[in-house]
Amino acid sequence: ANGGLGVYDNGFLNAVGTATEPIVFRGLNNVRGYWRGIHTESDAVLKYVQINNAGSNYVYCCNDKAALFAKDGRLTLENSTITQSGDFGLVMRNNVDLVSYVANTITGSAAAPVSTTFEVSGKIDGLGSSYTGNDEDYINISETGVSQATTVPANDVPYLVEGKVVDVTEAMTVQEGVEIAFEENGGIGVYDAGSLTLDGTAANPVKLYGKSNLRGFWRGIHVETNSLSNRFTYAMISDAGSNYVYCCNVAASVFVKDVRFSIANSVISHGEEFGLYAGRAAQLSFVANTIESH
């Protein structure tokens, strides 16, 4: 209990097992959240590793509690399993250089399996890894800026945006099949050099909704850039419109200022105020959409 491993300054953790002989980090007692876990802010390579029963507390104050906390430096995580964490399974912050992330399983966590940013989430392997069987089956998005080009992949659990606005100032593409849930007051705002592409298909739409299925539970989406990449295709947006995203604009599930915007084959539903609000000078392409139950 209270044991842990911290890697920083010139430290380097190289833990490379095999499929038949994995390296195991575990608590002396087989109790969820028994020991602190592993904290890295230098270089770490973990392959065929098991981290069990960790996440009782932070390793260094005052970071998030997690079985594996990656703050800075380079991280390789492949073919590894994190189980029975007392809080998050894996935390990765924006300063982490995620060199490789392949075929990992995180299950049995008392909180979400992963807490990270959209920018880092764009470097994980999507459906190649598994995150089910936790108390909260979400990939938790805690830091909400997108300041570099980011592609968000689908996973076997939804993303969850905390009650903040995601400020998108570079290109953000959300791939088919992605689901993003929003806590109360969460939203997405696109400005500066930002653009937002929701790239769903008929078989695998992109879904954005409130964590609670309540009309107007989250703020919605605000777009004010002239990019041709502001394009929603086969998107399903529900439960939004609780308030403006940026003061003091009209509350709407999707708010488009006087800019280019394309939406096709999409459904906007169950919102508190307007479904789609487009400014007078907006260059709007609107094809085969449904807006209902606002």
# chains A, B, ... in the order shown; residues from 1 in each chain; ligands from 1
>>> residues_around(residues="stretch 227-234 of chain A", least_positions_apart="3", cutoff="10 Å", atoms="only C-alpha atoms", output="JSON, numbers by chain")
{"A": [171, 172, 173, 174, 176, 177, 190, 191, 193, 194, 195, 196, 197, 198, 199, 200, 201, 202, 203, 204, 205, 206, 207, 223, 224, 237, 256, 259, 260, 261, 262, 263, 264, 265, 266, 267, 285, 286, 287, 288, 289]}
>>> select_by_dssp(residues="stretch 92-136 of chain A", states="strand (DSSP E or B)", output="list in words")
Met92, Asp97, Leu98, Val99, Ser100, Tyr101, Val102, Thr105, Ile106, Thr107, Val114, Ser115, Thr116, Thr117 and Ser130 of chain A
>>> atom_distance(atom1="atom CA of A:Glu184", atom2="atom CA of A:Gly33")
28.7 Å
>>> residues_around(residues="A:Ala252", least_positions_apart="5", cutoff="7 Å", atoms="only C-alpha atoms", output="list in words")
Gly220, Gly241, Tyr244, Glu273, Phe274, Gly275, Leu276 and Tyr277 of chain A
>>> residues_around(residues="stretch 2-13 of chain A", least_positions_apart="6", cutoff="7 Å", atoms="only C-alpha atoms", output="ChimeraX atom specification")
/A:35-45,59
>>> write_last_selection(atoms="N, CA, C and O atoms", output="compact mmCIF listing (two decimals), in the first residue's frame")
# COMPACT_ATOMS: atom_id res chain seq x y z
N TRP A 35 -2.17 -0.04 -4.59
CA TRP A 35 -0.93 0.75 -4.59
C TRP A 35 -1.10 1.95 -5.52
O TRP A 35 -2.10 2.09 -6.20
N ARG A 36 -0.10 2.85 -5.51
CA ARG A 36 -0.26 4.12 -6.21
C ARG A 36 -0.23 3.98 -7.73
O ARG A 36 -1.06 4.54 -8.43
N GLY A 37 0.75 3.27 -8.27
CA GLY A 37 0.86 3.12 -9.71
C GLY A 37 2.17 3.65 -10.25
O GLY A 37 3.15 3.82 -9.52
N ILE A 38 2.19 3.91 -11.56
CA ILE A 38 3.40 4.34 -12.27
C ILE A 38 3.16 5.74 -12.84
O ILE A 38 2.14 6.00 -13.49
N HIS A 39 4.10 6.64 -12.58
CA HIS A 39 4.05 8.02 -13.06
C HIS A 39 5.27 8.23 -13.94
O HIS A 39 6.40 7.98 -13.52
N THR A 40 5.06 8.70 -15.17
CA THR A 40 6.21 8.96 -16.04
C THR A 40 6.12 10.37 -16.64
O THR A 40 5.08 10.79 -17.12
N GLU A 41 7.22 11.09 -16.54
CA GLU A 41 7.35 12.37 -17.23
C GLU A 41 8.70 12.43 -17.94
O GLU A 41 9.22 13.50 -18.23
N SER A 42 9.22 11.25 -18.21
CA SER A 42 10.41 11.08 -19.04
C SER A 42 10.05 10.01 -20.06
O SER A 42 8.88 9.86 -20.41
N ASP A 43 11.00 9.22 -20.53
CA ASP A 43 10.73 8.23 -21.57
C ASP A 43 10.35 6.89 -20.95
O ASP A 43 10.95 6.44 -19.97
N ALA A 44 9.33 6.25 -21.54
CA ALA A 44 8.89 4.95 -21.06
C ALA A 44 8.45 4.09 -22.23
O ALA A 44 7.72 4.55 -23.11
N VAL A 45 8.91 2.84 -22.22
CA VAL A 45 8.49 1.85 -23.21
C VAL A 45 7.91 0.67 -22.45
O VAL A 45 8.59 0.02 -21.67
N VAL A 59 1.19 9.55 -7.65
CA VAL A 59 2.57 9.25 -7.26
C VAL A 59 3.26 10.53 -6.82
O VAL A 59 3.93 10.56 -5.78
>>> residues_around(residues="A:Ser129", least_positions_apart="3", cutoff="9 Å", atoms="only C-alpha atoms", output="list in words")
Asn79, Tyr101, Val102, Ala103, Asn104, Thr105, Ile106, Ile124, Asp125, Gly126, Asn155 and Asp156 of chain A
>>> residues_around(residues="A:Ser212", least_positions_apart="6", cutoff="10 Å", atoms="only C-alpha atoms", output="list in words")
Ala181, Phe182, Glu183, Glu184, Trp218 and Asp239 of chain A
>>> write_last_selection(atoms="N, CA and C atoms", output="PDB file, in the first residue's frame")
ATOM      1  N   ALA A 181     -20.131  12.065 -25.768  1.00  0.00           N
ATOM      2  CA  ALA A 181     -21.110  12.513 -24.787  1.00  0.00           C
ATOM      3  C   ALA A 181     -20.580  13.777 -24.110  1.00  0.00           C
ATOM      4  N   PHE A 182     -21.490  14.654 -23.693  1.00  0.00           N
ATOM      5  CA  PHE A 182     -21.112  15.916 -23.064  1.00  0.00           C
ATOM      6  C   PHE A 182     -21.759  16.021 -21.695  1.00  0.00           C
ATOM      7  N   GLU A 183     -20.967  16.426 -20.724  1.00  0.00           N
ATOM      8  CA  GLU A 183     -21.540  16.770 -19.439  1.00  0.00           C
ATOM      9  C   GLU A 183     -22.203  18.143 -19.535  1.00  0.00           C
ATOM     10  N   GLU A 184     -22.955  18.486 -18.516  1.00  0.00           N
ATOM     11  CA  GLU A 184     -23.669  19.751 -18.501  1.00  0.00           C
ATOM     12  C   GLU A 184     -22.709  20.915 -18.710  1.00  0.00           C
ATOM     13  N   TRP A 218     -26.567  19.984 -22.843  1.00  0.00           N
ATOM     14  CA  TRP A 218     -25.255  20.601 -23.092  1.00  0.00           C
ATOM     15  C   TRP A 218     -25.428  21.790 -24.032  1.00  0.00           C
ATOM     16  N   ASP A 239     -29.855  16.700 -27.627  1.00  0.00           N
ATOM     17  CA  ASP A 239     -29.835  17.122 -26.219  1.00  0.00           C
ATOM     18  C   ASP A 239     -29.097  18.434 -25.991  1.00  0.00           C
TER      19      ASP A 239
END
>>> closest_residue(among="A:Val152, A:Val120, A:Val245, A:Ile51", to="A:Lys164", atoms="only C-alpha atoms")
A:Val245
>>> closest_residue(among="A:Asn249, A:Ser85, A:Asn140, A:Asn29", to="A:Gly189", atoms="only C-alpha atoms")
A:Asn249
>>> select_by_dssp(residues="stretch 58-286 of chain A", states="helix (DSSP H, G or I)", output="PyMOL selection string")
chain A and resi 118-121+126-128
>>> closest_residue(among="A:Thr290, A:Asn94, A:Ser56, A:Ser142", to="A:Ala70", atoms="only C-alpha atoms")
A:Asn94
>>> closest_residue(among="A:Gln283, A:Ser115, A:Asn53, A:Asn243", to="A:Leu160", atoms="only C-alpha atoms")
A:Ser115
>>> atom_distance(atom1="atom CA of A:Gln148", atom2="atom CA of A:Phe255")
22.8 Å
>>> atom_distance(atom1="atom CA of A:Gly86", atom2="atom CA of A:Thr20")
26.8 Å
>>> residues_around(residues="A:Asp258", least_positions_apart="3", cutoff="7 Å", atoms="only C-alpha atoms", output="PDB file with all heavy atoms, in the first residue's frame")
ATOM      1  N   GLY A 279     -26.265  32.548 -39.502  1.00  0.00           N
ATOM      2  CA  GLY A 279     -26.250  33.988 -39.691  1.00  0.00           C
ATOM      3  C   GLY A 279     -26.710  34.388 -41.079  1.00  0.00           C
ATOM      4  O   GLY A 279     -26.686  33.596 -42.036  1.00  0.00           O
ATOM      5  N   ARG A 280     -27.134  35.646 -41.224  1.00  0.00           N
ATOM      6  CA  ARG A 280     -27.711  36.122 -42.483  1.00  0.00           C
ATOM      7  C   ARG A 280     -26.772  35.926 -43.665  1.00  0.00           C
ATOM      8  O   ARG A 280     -27.204  35.621 -44.778  1.00  0.00           O
ATOM      9  CB  ARG A 280     -28.073  37.606 -42.332  1.00  0.00           C
ATOM     10  CG  ARG A 280     -28.680  38.227 -43.576  1.00  0.00           C
ATOM     11  CD  ARG A 280     -29.052  39.674 -43.341  1.00  0.00           C
ATOM     12  NE  ARG A 280     -30.054  39.795 -42.292  1.00  0.00           N
ATOM     13  CZ  ARG A 280     -30.539  40.964 -41.867  1.00  0.00           C
ATOM     14  NH1 ARG A 280     -30.077  42.094 -42.394  1.00  0.00           N
ATOM     15  NH2 ARG A 280     -31.448  41.005 -40.917  1.00  0.00           N
ATOM     16  N   ALA A 281     -25.474  36.102 -43.453  1.00  0.00           N
ATOM     17  CA  ALA A 281     -24.518  35.996 -44.554  1.00  0.00           C
ATOM     18  C   ALA A 281     -23.849  34.622 -44.620  1.00  0.00           C
ATOM     19  O   ALA A 281     -22.891  34.434 -45.368  1.00  0.00           O
ATOM     20  CB  ALA A 281     -23.444  37.076 -44.411  1.00  0.00           C
ATOM     21  N   ALA A 282     -24.348  33.674 -43.875  1.00  0.00           N
ATOM     22  CA  ALA A 282     -23.753  32.320 -43.908  1.00  0.00           C
ATOM     23  C   ALA A 282     -23.922  31.699 -45.290  1.00  0.00           C
ATOM     24  O   ALA A 282     -24.963  31.825 -45.937  1.00  0.00           O
ATOM     25  CB  ALA A 282     -24.401  31.437 -42.859  1.00  0.00           C
TER      26      ALA A 282
END
>>> closest_residue(among="A:Ile188, A:Asp137, A:Gly55, A:Ser80", to="A:Ala19", atoms="only C-alpha atoms")
A:Ser80
>>> closest_residue(among="A:Thr151, A:Ser253, A:Asn185, A:Thr107", to="A:Tyr138", atoms="only C-alpha atoms")
A:Thr107
